[in-house]
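Okay, input_38.cif now, which holds mmCIF, C-alpha atoms:
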```cif
data_final
loop_
_atom_site.label_atom_id
_atom_site.label_comp_id
_atom_site.auth_asym_id
_atom_site.auth_seq_id
_atom_site.Cartn_x
_atom_site.Cartn_y
_atom_site.Cartn_z
CA SER A 7 19.79 6.89 -37.65
CA TYR A 8 15.98 6.85 -37.44
CA GLY A 9 16.12 3.08 -37.68
CA THR A 10 12.87 2.34 -39.50
CA ASN A 11 11.44 3.41 -42.84
CA VAL A 12 7.75 2.94 -43.65
CA ALA A 13 6.45 3.60 -47.15
CA ILE A 14 3.37 5.79 -47.55
CA THR A 15 1.06 5.44 -50.55
CA LEU A 16 -0.23 8.73 -51.93
CA SER A 17 -3.42 9.15 -53.89
CA PRO A 18 -2.93 10.34 -56.53
CA PRO A 19 0.73 9.29 -56.47
CA ASN A 20 1.87 12.43 -58.30
CA ASP A 21 0.34 15.84 -57.74
CA THR A 22 1.23 19.41 -56.96
CA LEU A 23 -1.38 19.83 -54.20
CA PRO A 24 -0.74 19.08 -50.51
CA GLN A 25 -1.87 15.68 -49.21
CA ASN A 26 -2.37 14.27 -45.75
CA ALA A 27 -0.17 11.26 -45.07
CA SER A 28 -0.33 8.83 -42.15
CA VAL A 29 1.18 5.56 -40.99
CA THR A 30 0.43 3.25 -38.05
CA LEU A 31 3.36 2.46 -35.77
CA THR A 32 3.39 -0.72 -33.66
CA GLY A 33 5.65 -2.22 -31.03
CA LEU A 34 6.29 1.08 -29.28
CA THR A 35 7.64 1.08 -25.72
CA PRO A 36 5.54 2.94 -23.08
CA GLY A 37 7.05 6.10 -21.62
CA THR A 38 9.54 6.50 -24.46
CA THR A 39 10.34 9.47 -26.71
CA TYR A 40 10.47 8.75 -30.44
CA HIS A 41 11.70 10.94 -33.34
CA PHE A 42 10.35 10.87 -36.87
CA ARG A 43 10.34 12.85 -40.12
CA ALA A 44 8.68 12.61 -43.51
CA THR A 45 10.77 12.14 -46.66
CA ALA A 46 9.45 12.81 -50.18
CA THR A 47 11.17 11.35 -53.24
CA ASN A 48 10.52 11.66 -56.99
CA SER A 49 12.53 11.49 -60.16
CA ILE A 50 14.17 14.82 -59.46
CA GLY A 51 15.39 14.04 -55.94
CA THR A 52 14.60 13.70 -52.25
CA THR A 53 13.43 16.25 -49.69
CA GLU A 54 13.51 15.50 -45.98
CA GLY A 55 11.12 17.08 -43.50
CA ALA A 56 12.01 18.49 -40.10
CA ASP A 57 12.57 16.23 -37.09
CA VAL A 58 9.44 15.79 -34.95
CA GLU A 59 9.12 13.88 -31.67
CA PHE A 60 6.42 12.34 -29.51
CA THR A 61 6.43 10.47 -26.20
CA THR A 62 4.29 7.40 -25.55
CA LEU A 63 2.24 7.30 -22.36
CA SER A 64 3.68 5.39 -19.42
CA THR A 65 2.00 2.20 -18.18
CA ASN A 66 3.97 2.18 -14.90
CA ALA A 67 1.45 1.81 -12.06
CA GLU A 68 3.81 0.75 -9.28
CA LEU A 69 4.96 2.39 -6.05
CA SER A 70 8.58 3.05 -5.23
CA ALA A 71 7.92 3.52 -1.49
CA LEU A 72 5.10 3.12 1.03
CA THR A 73 5.25 4.13 4.69
CA LEU A 74 2.93 4.53 7.67
CA SER A 75 2.97 7.27 10.30
CA VAL A 76 2.61 4.54 12.95
CA GLY A 77 3.51 0.85 12.70
CA THR A 78 5.77 -1.21 10.47
CA LEU A 79 4.76 -2.89 7.24
CA THR A 80 5.05 -6.66 6.95
CA PRO A 81 6.65 -7.76 4.70
CA VAL A 82 9.22 -5.02 4.08
CA PHE A 83 8.01 -2.92 1.15
CA VAL A 84 8.90 -4.10 -2.35
CA GLY A 85 7.29 -2.52 -5.41
CA GLY A 86 6.05 -5.83 -6.80
CA THR A 87 4.37 -6.88 -3.53
CA THR A 88 0.84 -5.52 -3.17
CA ALA A 89 -0.44 -6.94 0.17
CA TYR A 90 0.86 -5.76 3.56
CA THR A 91 -0.10 -5.96 7.22
CA ALA A 92 0.79 -3.86 10.24
CA GLY A 93 -0.16 -3.82 13.92
CA VAL A 94 -0.67 -0.78 16.13
CA SER A 95 -1.52 -0.32 19.79
CA ASN A 96 -5.01 0.25 21.10
CA ALA A 97 -4.07 3.87 21.80
CA THR A 98 -3.56 4.47 18.06
CA SER A 99 -6.95 5.53 16.74
CA SER A 100 -5.76 6.86 13.37
CA LEU A 101 -2.74 7.03 11.07
CA THR A 102 -1.55 8.43 7.74
CA VAL A 103 -0.18 6.62 4.70
CA THR A 104 2.57 8.04 2.47
CA PRO A 105 2.85 6.43 -0.99
CA SER A 106 5.44 7.36 -3.61
CA ALA A 107 4.83 6.55 -7.28
CA ALA A 108 7.58 4.90 -9.31
CA ASP A 109 6.60 7.07 -12.30
CA ALA A 110 6.15 10.82 -11.91
CA HIS A 111 3.12 10.84 -14.21
CA ALA A 112 1.10 8.30 -12.20
CA THR A 113 -1.73 9.39 -9.90
CA LEU A 114 -2.52 8.01 -6.45
CA THR A 115 -5.47 7.53 -4.12
CA VAL A 116 -5.43 6.33 -0.51
CA ASN A 117 -8.72 5.06 0.84
CA GLY A 118 -10.43 6.58 -2.18
CA ILE A 119 -8.96 10.07 -1.70
CA ALA A 120 -6.37 11.54 -4.08
CA VAL A 121 -2.91 12.18 -2.63
CA THR A 122 0.31 13.61 -4.02
CA SER A 123 3.19 11.22 -4.53
CA GLY A 124 5.53 11.44 -1.54
CA ALA A 125 2.96 13.27 0.62
CA ALA A 126 1.01 11.89 3.57
CA SER A 127 -2.68 11.12 3.27
CA GLY A 128 -5.22 12.57 5.64
CA LEU A 129 -5.81 10.84 8.97
CA ILE A 130 -7.49 7.47 8.50
CA PRO A 131 -9.56 6.32 11.50
CA LEU A 132 -8.88 2.83 12.87
CA SER A 133 -11.40 0.64 14.64
CA VAL A 134 -10.31 -2.11 17.02
CA GLY A 135 -9.59 -5.06 14.77
CA VAL A 136 -8.59 -4.96 11.11
CA THR A 137 -8.99 -1.90 8.88
CA ASN A 138 -8.24 -2.46 5.19
CA ILE A 139 -6.78 0.56 3.39
CA PRO A 140 -6.50 0.44 -0.43
CA VAL A 141 -3.76 2.41 -2.18
CA ILE A 142 -4.47 2.64 -5.93
CA VAL A 143 -1.88 3.71 -8.49
CA THR A 144 -3.13 4.79 -11.94
CA ALA A 145 -0.56 4.99 -14.72
CA GLN A 146 -0.23 7.92 -17.12
CA ASP A 147 -2.23 6.00 -19.73
CA SER A 148 -5.27 6.24 -17.38
CA VAL A 149 -5.93 2.54 -17.98
CA THR A 150 -3.26 0.58 -16.12
CA THR A 151 -3.79 0.39 -12.35
CA THR A 152 -2.27 -1.43 -9.37
CA THR A 153 -4.00 -1.77 -6.00
CA TYR A 154 -1.91 -2.11 -2.85
CA THR A 155 -3.82 -3.35 0.21
CA LEU A 156 -2.85 -2.46 3.78
CA ALA A 157 -4.47 -4.54 6.54
CA ILE A 158 -3.94 -2.51 9.72
CA THR A 159 -4.76 -4.25 13.00
CA ARG A 160 -5.52 -2.00 15.96
CA ARG A 161 -5.05 -4.17 19.01
CA SER A 162 -7.57 -4.44 21.82
CA LEU A 163 -6.53 -3.49 25.34
CA TYR A 164 -6.22 -7.20 26.13
CA GLU A 165 -3.96 -7.76 23.11
CA ASP A 166 -1.72 -4.88 24.22
CA TRP A 167 -1.46 -6.47 27.67
CA ALA A 168 -0.76 -9.91 26.24
CA LEU A 169 1.98 -8.56 23.96
CA ALA A 170 3.60 -6.63 26.81
CA ASN A 171 3.59 -9.72 29.04
CA GLY A 172 4.87 -12.19 26.47
CA VAL A 173 1.53 -13.98 26.20
CA THR A 174 1.72 -15.22 22.61
CA GLY A 175 1.04 -18.32 20.57
CA THR A 176 -1.12 -21.16 21.83
CA GLY A 177 -3.30 -20.19 24.76
CA SER A 178 -2.94 -16.45 24.22
CA SER A 179 -6.63 -15.75 23.53
CA VAL A 180 -8.87 -14.02 26.06
CA THR A 181 -10.45 -17.34 27.00
CA GLY A 182 -7.10 -19.19 27.06
CA ASP A 183 -4.96 -20.09 30.07
CA PHE A 184 -1.43 -19.25 28.97
CA ASP A 185 0.39 -20.32 32.13
CA LEU A 186 -1.92 -23.28 32.83
CA ASP A 187 -2.66 -22.08 36.35
CA GLY A 188 -6.40 -22.62 36.08
CA ILE A 189 -7.14 -18.90 35.78
CA PRO A 190 -8.26 -17.65 32.33
CA ASN A 191 -6.21 -14.94 30.66
CA LEU A 192 -9.20 -12.59 30.92
CA LEU A 193 -9.11 -12.71 34.72
CA GLU A 194 -5.35 -12.30 34.85
CA TRP A 195 -5.67 -9.28 32.58
CA ALA A 196 -8.51 -7.81 34.65
CA PHE A 197 -6.51 -8.08 37.86
CA GLY A 198 -3.12 -7.16 36.42
CA THR A 199 -1.45 -10.42 37.40
CA ASP A 200 1.64 -11.98 35.83
CA ALA A 201 0.44 -14.04 32.90
CA THR A 202 3.70 -15.96 32.60
CA GLN A 203 3.89 -17.19 36.20
CA SER A 204 1.84 -20.24 37.10
CA SER A 205 0.08 -20.20 40.48
CA THR A 206 -3.20 -21.50 41.87
CA HIS A 207 -3.65 -18.41 44.07
CA LEU A 208 -3.08 -15.47 41.77
CA VAL A 209 -6.31 -13.79 42.82
CA ALA A 210 -7.75 -14.43 46.27
CA ALA A 211 -10.26 -12.62 48.44
CA ALA A 212 -9.86 -11.86 52.13
CA GLY A 213 -13.22 -10.75 53.32
CA GLU A 214 -14.32 -8.26 50.69
CA ILE A 215 -10.85 -7.08 49.61
CA LEU A 216 -8.62 -8.72 46.98
CA THR A 217 -5.27 -9.40 48.62
CA GLU A 218 -3.10 -11.34 46.13
CA ARG A 219 -1.25 -9.96 43.13
CA GLY A 220 -3.31 -7.58 41.06
CA GLY A 221 -3.99 -3.91 40.80
CA PRO A 222 -7.68 -3.55 41.64
CA THR A 223 -9.14 -3.47 45.11
CA THR A 224 -12.90 -3.96 45.19
CA ILE A 225 -15.32 -3.72 48.08
CA GLY A 226 -18.57 -5.59 47.94
CA PRO A 227 -22.01 -4.19 48.71
#
```
Kindly return the structure encoded in the file as C-alpha coordinates.
Amino acid sequence: SYGTNVAITLSPPNDTLPQNASVTLTGLTPGTTYHFRATATNSIGTTEGADVEFTTLSTNAELSALTLSVGTLTPVFVGGTTAYTAGVSNATSSLTVTPSAADAHATLTVNGIAVTSGAASGLIPLSVGVTNIPVIVTAQDSVTTTTYTLAITRRSLYEDWALANGVTGTGSSVTGDFDLDGIPNLLEWAFGTDATQSSTHLVAAAGEILTERGGPTTIGP
(Lines of atoms letter the chains of each structure in order from A and count residues from 1; the text may use other names and numbers.)
(Lines give C-alpha, C1' and ligand atoms only; values in the text may rest on other atoms or scores of the structure.)
Protein backbone atom coordinates (compact mmCIF):
# COMPACT_ATOMS: atom_id res chain seq x y z
CA SER A 1 0.00 0.00 0.00
CA TYR A 2 2.96 2.37 -0.47
CA GLY A 3 1.27 3.66 -3.60
CA THR A 4 4.28 4.55 -5.74
CA ASN A 5 7.23 2.58 -7.05
CA VAL A 6 10.31 4.34 -8.45
CA ALA A 7 13.05 2.35 -10.15
CA ILE A 8 16.66 2.96 -9.11
CA THR A 9 19.55 2.32 -11.48
CA LEU A 10 22.60 0.75 -9.85
CA SER A 11 26.13 1.04 -11.13
CA PRO A 12 27.33 -1.59 -11.65
CA PRO A 13 23.90 -3.24 -11.90
CA ASN A 14 25.12 -6.47 -10.29
CA ASP A 15 27.62 -6.58 -7.47
CA THR A 16 28.18 -7.99 -4.03
CA LEU A 17 29.35 -4.71 -2.47
CA PRO A 18 27.02 -2.16 -0.82
CA GLN A 19 25.90 0.80 -2.95
CA ASN A 20 24.28 4.10 -2.14
CA ALA A 21 20.91 4.53 -3.82
CA SER A 22 18.79 7.69 -4.08
CA VAL A 23 15.67 8.96 -5.79
CA THR A 24 14.07 12.41 -6.03
CA LEU A 25 10.45 12.65 -4.90
CA THR A 26 8.17 15.41 -6.21
CA GLY A 27 4.64 16.57 -5.53
CA LEU A 28 4.89 16.10 -1.77
CA THR A 29 2.38 17.83 0.50
CA PRO A 30 3.83 20.15 3.20
CA GLY A 31 3.43 19.02 6.81
CA THR A 32 2.75 15.41 5.85
CA THR A 33 4.33 12.15 7.02
CA TYR A 34 5.41 9.73 4.30
CA HIS A 35 6.55 6.08 4.55
CA PHE A 36 9.02 4.40 2.23
CA ARG A 37 11.21 1.30 1.91
CA ALA A 38 13.79 -0.04 -0.51
CA THR A 39 13.17 -3.28 -2.41
CA ALA A 40 15.94 -5.28 -4.12
CA THR A 41 15.14 -7.84 -6.81
CA ASN A 42 17.31 -10.24 -8.85
CA SER A 43 16.90 -13.58 -10.52
CA ILE A 44 16.78 -15.38 -7.21
CA GLY A 45 14.04 -13.29 -5.60
CA THR A 46 13.04 -10.08 -3.85
CA THR A 47 14.08 -8.63 -0.49
CA GLU A 48 12.19 -5.75 1.09
CA GLY A 49 13.82 -3.26 3.44
CA ALA A 50 12.36 -1.95 6.68
CA ASP A 51 9.70 0.78 6.71
CA VAL A 52 11.16 4.28 7.13
CA GLU A 53 9.25 7.56 7.48
CA PHE A 54 9.87 11.27 7.10
CA THR A 55 7.70 14.36 7.54
CA THR A 56 7.80 17.31 5.14
CA LEU A 57 8.12 20.80 6.61
CA SER A 58 4.93 22.81 7.02
CA THR A 59 4.36 25.97 4.94
CA ASN A 60 1.46 27.15 7.14
CA ALA A 61 2.18 30.77 8.11
CA GLU A 62 -1.30 31.79 9.25
CA LEU A 63 -2.79 32.74 12.61
CA SER A 64 -5.73 30.96 14.16
CA ALA A 65 -6.49 33.79 16.61
CA LEU A 66 -5.42 37.36 17.34
CA THR A 67 -6.57 39.45 20.30
CA LEU A 68 -5.72 42.74 22.01
CA SER A 69 -5.59 43.46 25.74
CA VAL A 70 -7.58 46.65 25.05
CA GLY A 71 -9.84 47.46 22.09
CA THR A 72 -11.66 45.41 19.48
CA LEU A 73 -10.30 44.40 16.10
CA THR A 74 -12.09 45.56 12.97
CA PRO A 75 -12.96 43.49 11.02
CA VAL A 76 -13.55 40.46 13.23
CA PHE A 77 -10.47 38.22 13.02
CA VAL A 78 -10.31 35.72 10.17
CA GLY A 79 -7.09 33.85 9.40
CA GLY A 80 -7.01 34.93 5.77
CA THR A 81 -7.44 38.64 6.58
CA THR A 82 -4.15 40.39 7.35
CA ALA A 83 -5.09 44.06 7.97
CA TYR A 84 -6.97 45.22 11.08
CA THR A 85 -7.76 48.44 12.91
CA ALA A 86 -8.76 49.21 16.49
CA GLY A 87 -9.45 52.34 18.52
CA VAL A 88 -8.59 52.97 22.16
CA SER A 89 -9.17 55.85 24.54
CA ASN A 90 -6.64 58.56 25.23
CA ALA A 91 -6.07 57.04 28.67
CA THR A 92 -4.72 53.86 27.05
CA SER A 93 -1.00 54.46 26.62
CA SER A 94 -0.01 50.84 25.89
CA LEU A 95 -1.44 47.41 25.14
CA THR A 96 -0.43 43.80 24.49
CA VAL A 97 -1.11 41.59 21.48
CA THR A 98 -1.79 37.84 21.73
CA PRO A 99 -1.34 35.90 18.47
CA SER A 100 -1.95 32.16 18.07
CA ALA A 101 -0.35 30.25 15.19
CA ALA A 102 -2.47 27.90 13.10
CA ASP A 103 0.48 25.48 12.95
CA ALA A 104 2.34 24.48 16.10
CA HIS A 105 5.71 24.61 14.32
CA ALA A 106 5.39 28.23 13.17
CA THR A 107 7.23 31.05 14.95
CA LEU A 108 5.86 34.51 15.75
CA THR A 109 7.07 38.06 16.27
CA VAL A 110 5.06 41.07 17.43
CA ASN A 111 6.59 44.45 16.70
CA GLY A 112 9.85 42.69 15.91
CA ILE A 113 10.03 40.75 19.19
CA ALA A 114 9.56 36.97 19.37
CA VAL A 115 6.49 35.74 21.24
CA THR A 116 5.10 32.31 22.06
CA SER A 117 1.93 31.25 20.28
CA GLY A 118 -1.04 31.91 22.55
CA ALA A 119 0.96 34.18 24.88
CA ALA A 120 0.73 37.96 25.21
CA SER A 121 3.46 40.19 23.87
CA GLY A 122 5.19 42.76 26.03
CA LEU A 123 3.56 46.16 26.50
CA ILE A 124 3.60 48.16 23.28
CA PRO A 125 3.54 51.95 23.80
CA LEU A 126 0.91 53.95 21.92
CA SER A 127 1.24 57.55 20.82
CA VAL A 128 -1.81 59.71 20.18
CA GLY A 129 -2.78 58.91 16.61
CA VAL A 130 -2.08 55.70 14.71
CA THR A 131 0.50 53.11 15.79
CA ASN A 132 1.13 50.30 13.30
CA ILE A 133 2.02 46.96 14.89
CA PRO A 134 3.28 44.14 12.61
CA VAL A 135 2.66 40.52 13.57
CA ILE A 136 4.83 38.19 11.47
CA VAL A 137 4.25 34.44 11.22
CA THR A 138 7.12 32.29 9.88
CA ALA A 139 6.27 28.76 8.81
CA GLN A 140 8.27 25.67 9.79
CA ASP A 141 10.07 25.77 6.44
CA SER A 142 11.67 29.10 7.55
CA VAL A 143 10.80 30.56 4.14
CA THR A 144 7.04 31.12 4.06
CA THR A 145 5.86 34.18 6.03
CA THR A 146 2.65 36.14 6.53
CA THR A 147 2.53 39.66 7.97
CA TYR A 148 -0.57 40.81 9.85
CA THR A 149 -0.81 44.58 10.36
CA LEU A 150 -2.63 46.19 13.29
CA ALA A 151 -3.36 49.92 12.99
CA ILE A 152 -4.16 51.03 16.55
CA THR A 153 -5.59 54.53 16.95
CA ARG A 154 -5.17 56.15 20.36
CA ARG A 155 -7.73 58.91 20.47
CA SER A 156 -6.96 62.47 21.52
CA LEU A 157 -8.79 63.97 24.48
CA TYR A 158 -11.00 65.85 22.02
CA GLU A 159 -11.85 62.64 20.16
CA ASP A 160 -12.80 60.95 23.44
CA TRP A 161 -15.11 63.89 24.22
CA ALA A 162 -16.62 63.87 20.75
CA LEU A 163 -17.30 60.13 20.90
CA ALA A 164 -18.88 60.42 24.35
CA ASN A 165 -21.14 63.26 23.18
CA GLY A 166 -22.23 61.71 19.90
CA VAL A 167 -20.24 64.18 17.81
CA THR A 168 -19.50 62.04 14.76
CA GLY A 169 -19.52 62.25 11.00
CA THR A 170 -19.54 65.55 9.13
CA GLY A 171 -18.54 68.49 11.29
CA SER A 172 -16.96 66.37 14.02
CA SER A 173 -13.41 67.74 13.62
CA VAL A 174 -11.87 70.11 16.14
CA THR A 175 -12.45 73.04 13.80
CA GLY A 176 -15.98 71.91 12.86
CA ASP A 177 -19.30 73.16 14.21
CA PHE A 178 -21.31 69.99 14.77
CA ASP A 179 -24.52 71.60 16.03
CA LEU A 180 -24.25 74.64 13.73
CA ASP A 181 -24.54 77.07 16.64
CA GLY A 182 -21.68 79.27 15.48
CA ILE A 183 -19.32 77.97 18.17
CA PRO A 184 -16.48 75.67 16.98
CA ASN A 185 -16.25 72.21 18.49
CA LEU A 186 -12.92 73.16 20.06
CA LEU A 187 -14.57 75.84 22.20
CA GLU A 188 -17.46 73.59 23.17
CA TRP A 189 -14.94 70.94 24.21
CA ALA A 190 -12.85 73.45 26.16
CA PHE A 191 -15.86 74.66 28.12
CA GLY A 192 -17.59 71.32 28.52
CA THR A 193 -20.77 72.37 26.74
CA ASP A 194 -23.31 70.11 25.04
CA ALA A 195 -22.08 69.57 21.51
CA THR A 196 -25.42 68.24 20.29
CA GLN A 197 -27.57 71.19 21.43
CA SER A 198 -27.64 74.25 19.22
CA SER A 199 -27.57 77.64 20.95
CA THR A 200 -26.07 81.04 20.23
CA HIS A 201 -25.22 81.61 23.91
CA LEU A 202 -23.46 78.46 25.01
CA VAL A 203 -20.55 80.39 26.48
CA ALA A 204 -21.05 83.91 27.76
CA ALA A 205 -19.11 86.16 30.09
CA ALA A 206 -20.58 88.23 32.91
CA GLY A 207 -17.87 90.57 33.99
CA GLU A 208 -14.84 88.33 34.28
CA ILE A 209 -16.66 85.07 35.12
CA LEU A 210 -18.11 82.60 32.60
CA THR A 211 -21.76 82.10 33.52
CA GLU A 212 -23.36 79.87 30.84
CA ARG A 213 -23.03 76.12 30.48
CA GLY A 214 -19.49 74.88 30.86
CA GLY A 215 -17.21 73.59 33.54
CA PRO A 216 -14.43 76.17 33.76
CA THR A 217 -14.62 79.44 35.63
CA THR A 218 -11.86 81.87 34.73
CA ILE A 219 -10.97 85.21 36.24
CA GLY A 220 -9.14 87.76 34.17
CA PRO A 221 -6.07 89.72 35.22
- Item | Residues matched by the PyMOL selection byres ((chain A and resi 136-140) around 7) as a ChimeraX atom specification | /A:116-117,132-135,141-142,153-160
- Task: Please evaluate the PyMOL selection byres ((chain A and resi 21-37) around 10) against the structure above and give the resulting residues as a list in words.
- Result: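 Those residues are Val12, Ala13, Ile14, Thr15, Leu16, Ser17, Pro18, Pro19, Asn20, Thr38, Thr39, Tyr40, Ala44, Thr61, Thr62, Leu63, Ser64, Thr65, Asn66, Asp109, His111, Gln146 and Asp147 of chain A.
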Can you write out the residues you just picked, keeping C-alpha atoms, as a short mmCIF file (atom, residue, chain, number, x, y, z; two decimals), in the frame of the given file?
```cif
data_model
loop_
_atom_site.label_atom_id
_atom_site.label_comp_id
_atom_site.auth_asym_id
_atom_site.auth_seq_id
_atom_site.Cartn_x
_atom_site.Cartn_y
_atom_site.Cartn_z
CA VAL A 12 7.75 2.94 -43.65
CA ALA A 13 6.45 3.60 -47.15
CA ILE A 14 3.37 5.79 -47.55
CA THR A 15 1.06 5.44 -50.55
CA LEU A 16 -0.23 8.73 -51.93
CA SER A 17 -3.42 9.15 -53.89
CA PRO A 18 -2.93 10.34 -56.53
CA PRO A 19 0.73 9.29 -56.47
CA ASN A 20 1.87 12.43 -58.30
CA THR A 38 9.54 6.50 -24.46
CA THR A 39 10.34 9.47 -26.71
CA TYR A 40 10.47 8.75 -30.44
CA ALA A 44 8.68 12.61 -43.51
CA THR A 61 6.43 10.47 -26.20
CA THR A 62 4.29 7.40 -25.55
CA LEU A 63 2.24 7.30 -22.36
CA SER A 64 3.68 5.39 -19.42
CA THR A 65 2.00 2.20 -18.18
CA ASN A 66 3.97 2.18 -14.90
CA ASP A 109 6.60 7.07 -12.30
CA HIS A 111 3.12 10.84 -14.21
CA GLN A 146 -0.23 7.92 -17.12
CA ASP A 147 -2.23 6.00 -19.73
#
```
- Give the answer as one residue: which of A:Ser99, A:Thr91, A:Thr47, A:Thr202 has the shortest atom-to-atom distance to Trp167 of chain A, using only C-alpha atoms? A:Thr202
- Can you tell me, as a VMD selection string, what residues are no more than 12 Å from Ala71 of chain A when counting all atoms listed in the file, ignoring any on the same chain fewer than 4 positions away? chain A and resid 79 82 to 88 103 to 109 123 to 126 141 154
- Query: Could you work out how far atom CA of Ala112 of chain A lies from atom CA of Val149 of chain A, giving the answer in Å with one decimal?
  - Reply: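 We find that atom CA of Val149 of chain A and atom CA of Ala112 of chain A lie 10.8 Å from each other.
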- Which one of A:Ile189, A:Ala145, A:Leu101, A:Ala89 sits closest to Ile130 of chain A if you count only C-alpha atoms?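 So, comparing all the options, the nearest one is A:Leu101.
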- Task: Show which residues sit within 10 Å of Glu165 of chain A, as a VMD selection string. Count all atoms listed in the file, and ignore same-chain residues fewer than 4 positions away.
- Result: chain A and resid 95 to 96 160 to 161 169 to 171 173 to 174 178 to 180 195
Give, as lines of an AutoDock Vina configuration file, the centre coordinates and the x, y and z edge lengths in Å to one decimal for an axis-aligned box around all listed atoms of segment 123-130 of chain A, padded by 6 Å on each side.
```
center_x = -1.0
center_y = 10.4
center_z = 2.2
size_x = 25.0
size_y = 17.8
size_z = 25.5
```
